[in-house]
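Engineer: Encoded as structure tokens, here's the structure I'll be asking about.
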Amino acid sequence: MTKSLSWKQWLAASVAVLCMLAAIAWHQMSSRHASERYGSLTLLIPDSMAMDAPEVSIWTQAAAERGVLLTPLSISTWMRGVNYGAKAAQQAVIIPDTFHRRISDAAAQTLMDVVHAGGKAMVVQDGGLLDERGYYSPGQARFSAMLGVRYGDYDQYKENLSDYDEIMGSASTMEALGIPPGRYLNAKAAASLTSIAASDLARANPEFDSFVAGYTKDSQRFAVLKTDRPATPRILLQSADGNVVASIHRWGQGEAMFVNLPLTYLLERTDGIFLHGFLAYFSSEMVRQPSLLATPDGIGALVLNWHNDDRKAIGFLHTLQDEGIFDHGHQSMHFTAGPDVNREGDGLGMDLDHNPDAQEMVQKLRSQGHTIGNHGGWIHNYFGANANDSNGDDFEQYLDLNNQAVTKANGGQEPKEYSAPTGNQPLWVYDWMSAHGVKAYYTSGSVGMPPTRLWLGFRQVADAWAFPVLTYGQVASAEEASFQHMSVDEFGQWLQQLARFIEQTRTIRLSYFHPIGAVSYLPAVKAYIETMQGCADRAQCQFISMTEAADFLSSRAQVQWSLQEQGDDDVLTASHPQSLASMAWSIPKARYSGVQIQSGEANVQGTDQTWLVRAKAGQQLIMVLHRRP
């Protein structure tokens, strides 16, 4: 006789079955999510934060622009899926600054265990510095041992936990972080172009002989936490006072990177070169992840942006034409078109509507394939000196007048490029640009960066690409070089360094000139363009207009790609709704012994450090990456 189950037994059995089914479903979901994240960096965010919060988008957009696979994940979800076995080495985790200060002791210990088992981590300044209640740990920060850097010691420093200091490193490290020559300066240039104290320069050693510079007369200082070094991490950057600014430390079988800079905060305030640079460095140098390059065919590209402010510019344009400056590639030619410069009625302006010489020059430049753009507000110096965030109702008319005149001279085509007079870009100008379909604009923010979608606090200017200017300390144009009494040779050496940097890093950068300054420094400018032309002749560089670069980057933003594990290999799959033509990936040789195209069309070229894969026409590409043992 079969004994029936009591209701309590039946309930217990049912609960057990449901728990088992839930466990199976959770395991399958976790496995699927883990598979989706394979080959991706994981950005740990607070459980309470939405995946599309502006703070998170700052990181995901930066990763997309740098061609880095990155997935945001709530920290509790990440903890549930942690694997300490052989798969630990596949984990690469970032604790961001500013918005993820608080994490539990359990989460901190989990991260340290994952790295010890073979994973990689990047801890950014105050990321995880506080426990879940918002308190500092007694003594040093919880990640100090893993990072090999003692920091966050509130018991010792109290409210004086941080310094405000210059940053030093080697030239090779600066460039590995995507910081171009000029945004970093050697000691001699730093002393002449900034206010870095001689005592700070005296403390520089042969390993840290370059300083990060801004586009100001003063040295650029950053908020860094005070540190010391109980272990011996590999120091990438340090402050002038000796605090560790960036380092890499071996921890068990894995590695941890410490970035002692407020990366999120800096990008919000239009200095994004550091977040972008460290994100790319962590991905390529430590995790050895493939990346989607941000230039057509993966070839370095120079944008030459010419600002033509007044009537005198036309005569100097004739001189540059005669010297063959505009015989190279496609360049971006921007005009302030009004009849005045400093004030209404001074008659010093270009007066494009009534100036046949200027009109003929615009037509000549168009016939050479160059792009015509707006250089702001009709009365160049008046607009630059007086337009601000609160007087758009009065000053928008000057943008409209300039736009109308340049459109007429441009054969009726409304310009899609913009540059601000004297770099003055009030907030309402971004709305004006959006209303007029501007695709690309010059900016004096985030200096030294490749083109980017600029963030203004938590607002992203998503309609157009910002093209940050290249600077040499407080010098960006030749006129500024003359103000500093810089020799033609010194200015030319900087330009040659930029040419080399653009070629080697395979990135897009913008140099800008005024015709009058370019003529004053003509030997340096001409040699710069000829060097870039020689590089283009070797198919290693290209000239590109702002519009062309913006069109490419907007198309690139539509690429969907991922990495999946397949036995002893990885499979990279990419797709585009129109065409993958001109898209290129960099595949690290340190991780992969070879690349095989399985589906679609692409060329594979070996370089010293990478496999360069250039896609041809087609909507899909699948390549097999052979992992090294």
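Ordered as shown in the structure tokens, chains take letters A, B, and onward, while each chain numbers its residues from 1 and ligands are numbered from 1 in the order shown.
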Per DSSP on the backbone, what are the alpha helix (DSSP H) residues of range 26-97 of chain A, as a ChimeraX atom specification?

Structural biologist: /A:26-36,54-66,75-80

Engineer: Residues as selected, N, CA, C and O atoms, written as a short mmCIF file (atom, residue, chain, number, x, y, z; two decimals), in the first residue's frame, can you do that?

Structural biologist:
```
data_model
loop_
_atom_site.label_atom_id
_atom_site.label_comp_id
_atom_site.auth_asym_id
_atom_site.auth_seq_id
_atom_site.Cartn_x
_atom_site.Cartn_y
_atom_site.Cartn_z
N TRP A 26 19.16 29.98 -12.91
CA TRP A 26 20.15 31.01 -12.57
C TRP A 26 21.52 30.64 -13.14
O TRP A 26 22.22 31.50 -13.66
N HIS A 27 21.87 29.36 -13.05
CA HIS A 27 23.16 28.93 -13.59
C HIS A 27 23.21 29.14 -15.10
O HIS A 27 24.22 29.62 -15.64
N GLN A 28 22.10 28.79 -15.78
CA GLN A 28 22.07 28.98 -17.23
C GLN A 28 22.15 30.46 -17.59
O GLN A 28 22.87 30.85 -18.51
N MET A 29 21.40 31.30 -16.82
CA MET A 29 21.44 32.73 -17.08
C MET A 29 22.82 33.29 -16.80
O MET A 29 23.35 34.08 -17.58
N SER A 30 23.44 32.87 -15.69
CA SER A 30 24.78 33.35 -15.36
C SER A 30 25.77 32.91 -16.42
O SER A 30 26.66 33.68 -16.81
N SER A 31 25.63 31.67 -16.90
CA SER A 31 26.54 31.18 -17.93
C SER A 31 26.38 31.98 -19.21
O SER A 31 27.36 32.32 -19.88
N ARG A 32 25.10 32.29 -19.56
CA ARG A 32 24.86 33.07 -20.76
C ARG A 32 25.45 34.47 -20.62
O ARG A 32 26.11 34.98 -21.53
N HIS A 33 25.20 35.10 -19.46
CA HIS A 33 25.75 36.44 -19.25
C HIS A 33 27.26 36.42 -19.23
O HIS A 33 27.91 37.33 -19.76
N ALA A 34 27.83 35.39 -18.63
CA ALA A 34 29.29 35.28 -18.61
C ALA A 34 29.82 35.12 -20.02
O ALA A 34 30.86 35.69 -20.39
N SER A 35 29.09 34.35 -20.85
CA SER A 35 29.51 34.17 -22.23
C SER A 35 29.43 35.49 -22.99
O SER A 35 30.31 35.82 -23.79
N GLU A 36 28.35 36.27 -22.69
CA GLU A 36 28.21 37.56 -23.36
C GLU A 36 29.33 38.52 -22.95
O GLU A 36 29.69 39.41 -23.71
N PRO A 54 24.16 58.56 -16.18
CA PRO A 54 25.21 59.32 -16.85
C PRO A 54 26.61 58.91 -16.43
O PRO A 54 27.52 58.85 -17.27
N GLU A 55 26.82 58.61 -15.15
CA GLU A 55 28.14 58.21 -14.69
C GLU A 55 28.61 56.94 -15.40
O GLU A 55 29.79 56.81 -15.74
N VAL A 56 27.68 56.00 -15.59
CA VAL A 56 28.02 54.76 -16.27
C VAL A 56 28.23 55.01 -17.76
O VAL A 56 29.18 54.49 -18.37
N SER A 57 27.38 55.84 -18.34
CA SER A 57 27.50 56.15 -19.76
C SER A 57 28.82 56.82 -20.09
O SER A 57 29.37 56.64 -21.18
N ILE A 58 29.34 57.62 -19.16
CA ILE A 58 30.65 58.23 -19.37
C ILE A 58 31.69 57.16 -19.66
O ILE A 58 32.53 57.30 -20.57
N TRP A 59 31.64 56.06 -18.92
CA TRP A 59 32.60 54.97 -19.12
C TRP A 59 32.29 54.14 -20.35
O TRP A 59 33.20 53.78 -21.13
N THR A 60 31.03 53.80 -20.56
CA THR A 60 30.70 52.96 -21.72
C THR A 60 30.94 53.70 -23.02
O THR A 60 31.39 53.10 -24.00
N GLN A 61 30.65 55.01 -23.05
CA GLN A 61 30.90 55.79 -24.26
C GLN A 61 32.40 55.93 -24.50
O GLN A 61 32.86 55.85 -25.65
N ALA A 62 33.17 56.13 -23.45
CA ALA A 62 34.62 56.21 -23.61
C ALA A 62 35.17 54.90 -24.15
O ALA A 62 36.04 54.89 -25.04
N ALA A 63 34.67 53.78 -23.63
CA ALA A 63 35.12 52.48 -24.12
C ALA A 63 34.78 52.30 -25.59
O ALA A 63 35.60 51.80 -26.37
N ALA A 64 33.57 52.70 -25.97
CA ALA A 64 33.18 52.57 -27.37
C ALA A 64 34.06 53.43 -28.28
O ALA A 64 34.48 52.99 -29.35
N GLU A 65 34.37 54.65 -27.84
CA GLU A 65 35.22 55.51 -28.65
C GLU A 65 36.64 54.95 -28.77
O GLU A 65 37.30 55.12 -29.80
N ARG A 66 37.11 54.29 -27.73
CA ARG A 66 38.46 53.70 -27.76
C ARG A 66 38.45 52.31 -28.38
O ARG A 66 39.50 51.69 -28.51
N ILE A 75 27.56 45.26 -8.70
CA ILE A 75 28.60 44.54 -7.97
C ILE A 75 28.06 43.25 -7.36
O ILE A 75 28.77 42.24 -7.29
N SER A 76 26.79 43.23 -6.94
CA SER A 76 26.24 42.00 -6.37
C SER A 76 26.06 40.93 -7.45
O SER A 76 26.30 39.74 -7.21
N THR A 77 25.65 41.34 -8.65
CA THR A 77 25.52 40.38 -9.75
C THR A 77 26.89 39.80 -10.09
O THR A 77 27.04 38.60 -10.33
N TRP A 78 27.89 40.65 -10.11
CA TRP A 78 29.24 40.17 -10.40
C TRP A 78 29.70 39.17 -9.34
O TRP A 78 30.25 38.12 -9.68
N MET A 79 29.45 39.46 -8.09
CA MET A 79 29.89 38.56 -7.01
C MET A 79 29.25 37.19 -7.13
O MET A 79 29.90 36.17 -6.88
N ARG A 80 27.99 37.16 -7.52
CA ARG A 80 27.29 35.86 -7.63
C ARG A 80 27.88 35.00 -8.74
O ARG A 80 27.80 33.78 -8.69
#
```

Engineer: Identify, on the basis of only C-alpha atoms, every residue whose closest approach to Ala117 in chain A does not exceed 7 Å; exclude the query and any residue fewer than 4 positions from it along the same chain; express the result as a PyMOL selection string.

Structural biologist: chain A and resi 84+88+113+252-254

Engineer: Let me see the file: selected residues, all heavy atoms, as a PDB file, in the first residue's frame.

Structural biologist:
```pdb
ATOM      1  N   TYR A  84      36.585  31.224  -9.165  1.00  0.00           N
ATOM      2  CA  TYR A  84      37.957  31.314  -8.677  1.00  0.00           C
ATOM      3  C   TYR A  84      38.879  30.279  -9.328  1.00  0.00           C
ATOM      4  O   TYR A  84      40.060  30.226  -9.017  1.00  0.00           O
ATOM      5  CB  TYR A  84      38.003  31.106  -7.154  1.00  0.00           C
ATOM      6  CG  TYR A  84      37.264  32.153  -6.386  1.00  0.00           C
ATOM      7  CD1 TYR A  84      36.032  31.890  -5.826  1.00  0.00           C
ATOM      8  CD2 TYR A  84      37.810  33.420  -6.225  1.00  0.00           C
ATOM      9  CE1 TYR A  84      35.350  32.859  -5.110  1.00  0.00           C
ATOM     10  CE2 TYR A  84      37.138  34.402  -5.513  1.00  0.00           C
ATOM     11  CZ  TYR A  84      35.904  34.106  -4.954  1.00  0.00           C
ATOM     12  OH  TYR A  84      35.233  35.063  -4.254  1.00  0.00           O
ATOM     13  N   ALA A  88      39.321  32.386 -13.607  1.00  0.00           N
ATOM     14  CA  ALA A  88      39.639  33.648 -12.931  1.00  0.00           C
ATOM     15  C   ALA A  88      40.544  34.520 -13.789  1.00  0.00           C
ATOM     16  O   ALA A  88      40.442  35.749 -13.788  1.00  0.00           O
ATOM     17  CB  ALA A  88      40.301  33.380 -11.585  1.00  0.00           C
ATOM     18  N   ASP A 113      40.525  38.315  -4.022  1.00  0.00           N
ATOM     19  CA  ASP A 113      40.667  36.873  -4.254  1.00  0.00           C
ATOM     20  C   ASP A 113      40.699  36.559  -5.748  1.00  0.00           C
ATOM     21  O   ASP A 113      41.468  35.693  -6.196  1.00  0.00           O
ATOM     22  CB  ASP A 113      39.520  36.119  -3.587  1.00  0.00           C
ATOM     23  CG  ASP A 113      39.600  36.132  -2.065  1.00  0.00           C
ATOM     24  OD1 ASP A 113      40.691  36.442  -1.536  1.00  0.00           O
ATOM     25  OD2 ASP A 113      38.581  35.857  -1.415  1.00  0.00           O
ATOM     26  N   GLY A 252      49.570  37.648  -6.252  1.00  0.00           N
ATOM     27  CA  GLY A 252      49.334  36.235  -6.513  1.00  0.00           C
ATOM     28  C   GLY A 252      49.584  35.914  -7.965  1.00  0.00           C
ATOM     29  O   GLY A 252      50.644  36.228  -8.521  1.00  0.00           O
ATOM     30  N   GLN A 253      48.586  35.349  -8.616  1.00  0.00           N
ATOM     31  CA  GLN A 253      48.697  35.000 -10.029  1.00  0.00           C
ATOM     32  C   GLN A 253      48.208  36.109 -10.946  1.00  0.00           C
ATOM     33  O   GLN A 253      48.315  35.984 -12.169  1.00  0.00           O
ATOM     34  CB  GLN A 253      47.876  33.728 -10.309  1.00  0.00           C
ATOM     35  CG  GLN A 253      48.343  32.506  -9.540  1.00  0.00           C
ATOM     36  CD  GLN A 253      49.780  32.165  -9.862  1.00  0.00           C
ATOM     37  OE1 GLN A 253      50.154  32.045 -11.033  1.00  0.00           O
ATOM     38  NE2 GLN A 253      50.595  31.999  -8.829  1.00  0.00           N
ATOM     39  N   GLY A 254      47.683  37.189 -10.360  1.00  0.00           N
ATOM     40  CA  GLY A 254      47.117  38.251 -11.179  1.00  0.00           C
ATOM     41  C   GLY A 254      47.850  39.570 -11.025  1.00  0.00           C
ATOM     42  O   GLY A 254      48.930  39.645 -10.428  1.00  0.00           O
TER      43      GLY A 254
END
```

Engineer: Show me a table, sorted first by chain and then by increasing residue number, of the residues of range 248-311 of chain A having an atom at most 8 Å from range 508-520 of chain A, each with its shortest atom pair and the distance in Å to one decimal, counting only C-alpha atoms and written as a Markdown table.

Structural biologist:
```
| residue | atom | partner | partner_atom | distance |
| --- | --- | --- | --- | --- |
| A:Ala294 | CA | A:Ile508 | CA | 7.5 |
| A:Thr295 | CA | A:Ile508 | CA | 6.4 |
| A:Gly300 | CA | A:Ile508 | CA | 5.9 |
| A:Ala301 | CA | A:Ile508 | CA | 4.6 |
| A:Leu302 | CA | A:Arg509 | CA | 5.4 |
| A:Val303 | CA | A:Leu510 | CA | 4.6 |
| A:Leu304 | CA | A:Ser511 | CA | 5.3 |
| A:Asn305 | CA | A:Tyr512 | CA | 4.6 |
| A:Trp306 | CA | A:Phe513 | CA | 5.1 |
| A:His307 | CA | A:His514 | CA | 5.1 |
| A:Asn308 | CA | A:His514 | CA | 6.2 |
| A:Asp309 | CA | A:His514 | CA | 7.9 |
```

Engineer: Excluding Asp241 in chain A and residues on its chain fewer than 6 positions from it, collect all residues at most 9 Å away from it, counting only C-alpha atoms, and give them as number ranges by chain.

Structural biologist: A: 163, 165-166, 200, 203

Engineer: The selected residues should be written to file as a short mmCIF file (atom, residue, chain, number, x, y, z; two decimals), in the first residue's frame (atoms: C-alpha atoms).

Structural biologist:
```cif
data_model
loop_
_atom_site.label_atom_id
_atom_site.label_comp_id
_atom_site.auth_asym_id
_atom_site.auth_seq_id
_atom_site.Cartn_x
_atom_site.Cartn_y
_atom_site.Cartn_z
CA ASP A 163 47.55 66.54 -2.44
CA ASP A 165 50.24 68.41 -7.55
CA GLU A 166 51.87 68.10 -10.97
CA ASP A 200 59.76 70.57 -8.66
CA ARG A 203 63.15 66.54 -8.06
#
```

Engineer: Pick from A:Tyr184, A:Phe395, A:Tyr154, A:Tyr135: nearest to Ala213 in chain A, with only C-alpha atoms counted?

Structural biologist: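 Between A:Tyr184, A:Phe395, A:Tyr154, A:Tyr135, the residue approaching Ala213 in chain A most closely is A:Tyr184.
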
Engineer: Env of range 215-220 of chain A: 12 Å cut, atoms = only C-alpha atoms, seq-sep filter 4 positions within chain, self excluded. Answer as a PyMOL selection string.

Structural biologist: chain A and resi 164-168+182-185+187+189-198+200-201+211+239-240+271+423+443-448+468-477+480+483-484

Engineer: Skip Asn260 in chain A itself and residues of its chain fewer than 5 positions away, then list as a list in words all residues within 10 Å of it, counting only C-alpha atoms.

Structural biologist: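 Near Asn260 in chain A, the qualifying residues are Asp97, Val123, Val124, Gln125, Asp126, Gly127, Tyr151, Phe222, Ala223, Val224, Leu225, Lys226, Thr227, Leu237, Gln238, Ser239, Asn243, Val244, Val245, Ala246 and Ser247 of chain A.
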
Engineer: So how far away is CA of Thr607 in chain A from CA of Cys535 in chain A, in Å?

Structural biologist: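 Result for CA of Cys535 in chain A versus CA of Thr607 in chain A: 16.0 Å, one decimal.
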
Engineer: If we count only C-alpha atoms and set the cut-off at 10 Å, which residues sit around Gly315 in chain A, ignoring sequence neighbours fewer than 4 positions away in its own chain? Please answer as a count of residues only.

Structural biologist: 9

Engineer: Just the residues within 7 Å of range 559-576 of chain A, please, counting only C-alpha atoms, with nothing from its chain fewer than 6 positions along; format it as a list in words.

Structural biologist: Ser35, Tyr38, Gly39, Gln619, Gln620, Leu621, Ile622, Met623, Val624, Leu625, His626 and Arg627 of chain A

Engineer: Suppose we keep N, CA and C atoms; can you now write the selection as an mmCIF file, in the first residue's frame?

Structural biologist:
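Written file, selection.cif:
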```
data_model
loop_
_atom_site.group_PDB
_atom_site.id
_atom_site.type_symbol
_atom_site.label_atom_id
_atom_site.label_comp_id
_atom_site.auth_asym_id
_atom_site.auth_seq_id
_atom_site.Cartn_x
_atom_site.Cartn_y
_atom_site.Cartn_z
ATOM 1 N N SER A 35 29.093 34.346 -20.847
ATOM 2 C CA SER A 35 29.511 34.166 -22.234
ATOM 3 C C SER A 35 29.431 35.487 -22.990
ATOM 4 N N TYR A 38 32.433 37.596 -22.200
ATOM 5 C CA TYR A 38 33.751 37.044 -22.469
ATOM 6 C C TYR A 38 34.565 38.042 -23.296
ATOM 7 N N GLY A 39 35.796 38.258 -22.870
ATOM 8 C CA GLY A 39 36.652 39.190 -23.591
ATOM 9 C C GLY A 39 36.351 40.642 -23.313
ATOM 10 N N GLN A 619 28.647 43.302 -44.661
ATOM 11 C CA GLN A 619 27.977 43.639 -43.407
ATOM 12 C C GLN A 619 28.429 42.784 -42.232
ATOM 13 N N GLN A 620 29.140 41.694 -42.499
ATOM 14 C CA GLN A 620 29.544 40.825 -41.400
ATOM 15 C C GLN A 620 30.961 40.318 -41.606
ATOM 16 N N LEU A 621 31.658 40.143 -40.487
ATOM 17 C CA LEU A 621 33.015 39.627 -40.511
ATOM 18 C C LEU A 621 33.195 38.710 -39.309
ATOM 19 N N ILE A 622 33.744 37.524 -39.561
ATOM 20 C CA ILE A 622 34.055 36.588 -38.486
ATOM 21 C C ILE A 622 35.512 36.176 -38.632
ATOM 22 N N MET A 623 36.281 36.344 -37.563
ATOM 23 C CA MET A 623 37.683 35.936 -37.599
ATOM 24 C C MET A 623 38.005 35.060 -36.399
ATOM 25 N N VAL A 624 38.836 34.062 -36.628
ATOM 26 C CA VAL A 624 39.286 33.171 -35.562
ATOM 27 C C VAL A 624 40.656 33.643 -35.095
ATOM 28 N N LEU A 625 40.788 33.885 -33.796
ATOM 29 C CA LEU A 625 42.034 34.344 -33.200
ATOM 30 C C LEU A 625 42.665 33.176 -32.455
ATOM 31 N N HIS A 626 43.850 32.762 -32.890
ATOM 32 C CA HIS A 626 44.497 31.588 -32.309
ATOM 33 C C HIS A 626 45.255 31.992 -31.048
ATOM 34 N N ARG A 627 44.744 31.565 -29.905
ATOM 35 C CA ARG A 627 45.370 31.912 -28.634
ATOM 36 C C ARG A 627 46.704 31.197 -28.460
#
```

Engineer: Would you list, as a CSV table (one decimal) with N, CA and C atoms, in the first residue's frame, the residues of range 454-575 of chain A that end up in strand (DSSP E) under DSSP run on this structure's backbone?

Structural biologist:
```csv
chain,number,residue,atom,x,y,z
A,455,TRP,N,31.5,65.6,-23.0
A,455,TRP,CA,30.6,65.7,-21.9
A,455,TRP,C,30.8,67.1,-21.2
A,456,LEU,N,29.7,67.7,-20.9
A,456,LEU,CA,29.6,68.9,-20.1
A,456,LEU,C,28.9,68.6,-18.8
A,459,ARG,N,25.9,66.2,-19.1
A,459,ARG,CA,25.3,66.3,-20.5
A,459,ARG,C,26.3,66.0,-21.5
A,460,GLN,N,25.9,65.1,-22.4
A,460,GLN,CA,26.8,64.7,-23.5
A,460,GLN,C,26.3,65.4,-24.8
A,465,TRP,N,30.8,65.6,-33.3
A,465,TRP,CA,32.1,65.2,-32.7
A,465,TRP,C,32.9,66.4,-32.4
A,466,ALA,N,33.5,66.4,-31.2
A,466,ALA,CA,34.4,67.4,-30.8
A,466,ALA,C,35.8,67.1,-31.2
A,467,PHE,N,36.5,68.0,-31.7
A,467,PHE,CA,37.9,67.8,-32.2
A,467,PHE,C,38.8,68.6,-31.3
A,468,PRO,N,39.4,68.0,-30.2
A,468,PRO,CA,40.3,68.8,-29.3
A,468,PRO,C,41.6,69.2,-30.1
A,508,ILE,N,43.4,59.8,-34.8
A,508,ILE,CA,43.1,61.0,-35.4
A,508,ILE,C,43.5,62.2,-34.4
A,509,ARG,N,44.2,63.2,-34.9
A,509,ARG,CA,44.5,64.3,-34.1
A,509,ARG,C,44.3,65.6,-35.0
A,510,LEU,N,44.0,66.7,-34.3
A,510,LEU,CA,43.8,68.0,-35.0
A,510,LEU,C,44.8,69.0,-34.6
A,511,SER,N,45.5,69.6,-35.7
A,511,SER,CA,46.3,70.8,-35.5
A,511,SER,C,45.6,71.9,-36.1
A,512,TYR,N,45.7,73.1,-35.5
A,512,TYR,CA,45.1,74.3,-36.1
A,512,TYR,C,46.1,75.4,-36.3
A,513,PHE,N,45.8,76.2,-37.3
A,513,PHE,CA,46.6,77.3,-37.7
A,513,PHE,C,45.8,78.5,-38.1
A,541,CYS,N,49.7,57.0,-43.1
A,541,CYS,CA,49.0,58.2,-42.6
A,541,CYS,C,48.0,58.7,-43.6
A,542,GLN,N,47.2,59.6,-43.2
A,542,GLN,CA,46.2,60.2,-44.2
A,542,GLN,C,45.9,61.6,-43.7
A,543,PHE,N,45.6,62.5,-44.6
A,543,PHE,CA,44.9,63.8,-44.3
A,543,PHE,C,43.4,63.6,-44.4
A,560,GLN,N,28.7,46.5,-34.4
A,560,GLN,CA,28.5,45.6,-33.2
A,560,GLN,C,29.5,44.5,-33.3
A,561,TRP,N,30.3,44.3,-32.2
A,561,TRP,CA,31.3,43.3,-32.3
A,561,TRP,C,31.4,42.6,-30.9
A,562,SER,N,31.9,41.4,-30.9
A,562,SER,CA,32.0,40.7,-29.6
A,562,SER,C,33.1,39.6,-29.8
A,563,LEU,N,33.5,39.1,-28.7
A,563,LEU,CA,34.5,38.0,-28.6
A,563,LEU,C,34.0,36.8,-27.9
A,564,GLN,N,34.1,35.6,-28.5
A,564,GLN,CA,33.6,34.4,-27.9
A,564,GLN,C,34.7,33.3,-27.8
A,565,GLU,N,34.6,32.5,-26.8
A,565,GLU,CA,35.6,31.4,-26.7
A,565,GLU,C,35.2,30.2,-27.5
A,566,GLN,N,36.1,29.6,-28.2
A,566,GLN,CA,35.8,28.4,-29.0
A,566,GLN,C,37.0,27.5,-28.9
A,569,ASP,N,40.7,28.6,-29.1
A,569,ASP,CA,40.7,29.9,-29.9
A,569,ASP,C,39.6,30.8,-29.4
A,570,ASP,N,39.7,32.1,-29.9
A,570,ASP,CA,38.7,33.0,-29.7
A,570,ASP,C,38.1,33.4,-31.1
A,571,VAL,N,36.8,33.7,-31.1
A,571,VAL,CA,36.2,34.1,-32.3
A,571,VAL,C,35.6,35.5,-32.2
A,572,LEU,N,36.1,36.4,-33.1
A,572,LEU,CA,35.6,37.8,-33.1
A,572,LEU,C,34.6,37.9,-34.2
A,573,THR,N,33.4,38.4,-33.8
A,573,THR,CA,32.3,38.5,-34.8
A,573,THR,C,31.9,40.0,-34.8
A,574,ALA,N,31.8,40.6,-36.0
A,574,ALA,CA,31.5,42.0,-36.2
A,574,ALA,C,30.4,42.1,-37.3
A,575,SER,N,29.6,43.1,-37.1
A,575,SER,CA,28.5,43.4,-38.1
A,575,SER,C,28.3,44.9,-38.1
```

Engineer: Could you tell me how far CA of Met174 in chain A sits from CA of Val604 in chain A, in Å to one decimal place?

Structural biologist: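 Between these atoms lies a distance of 28.7 Å.
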
Engineer: Quick one: distance from CA of Ile379 in chain A to CA of Ala337 in chain A in Å, one decimal?

Structural biologist: 7.9 Å
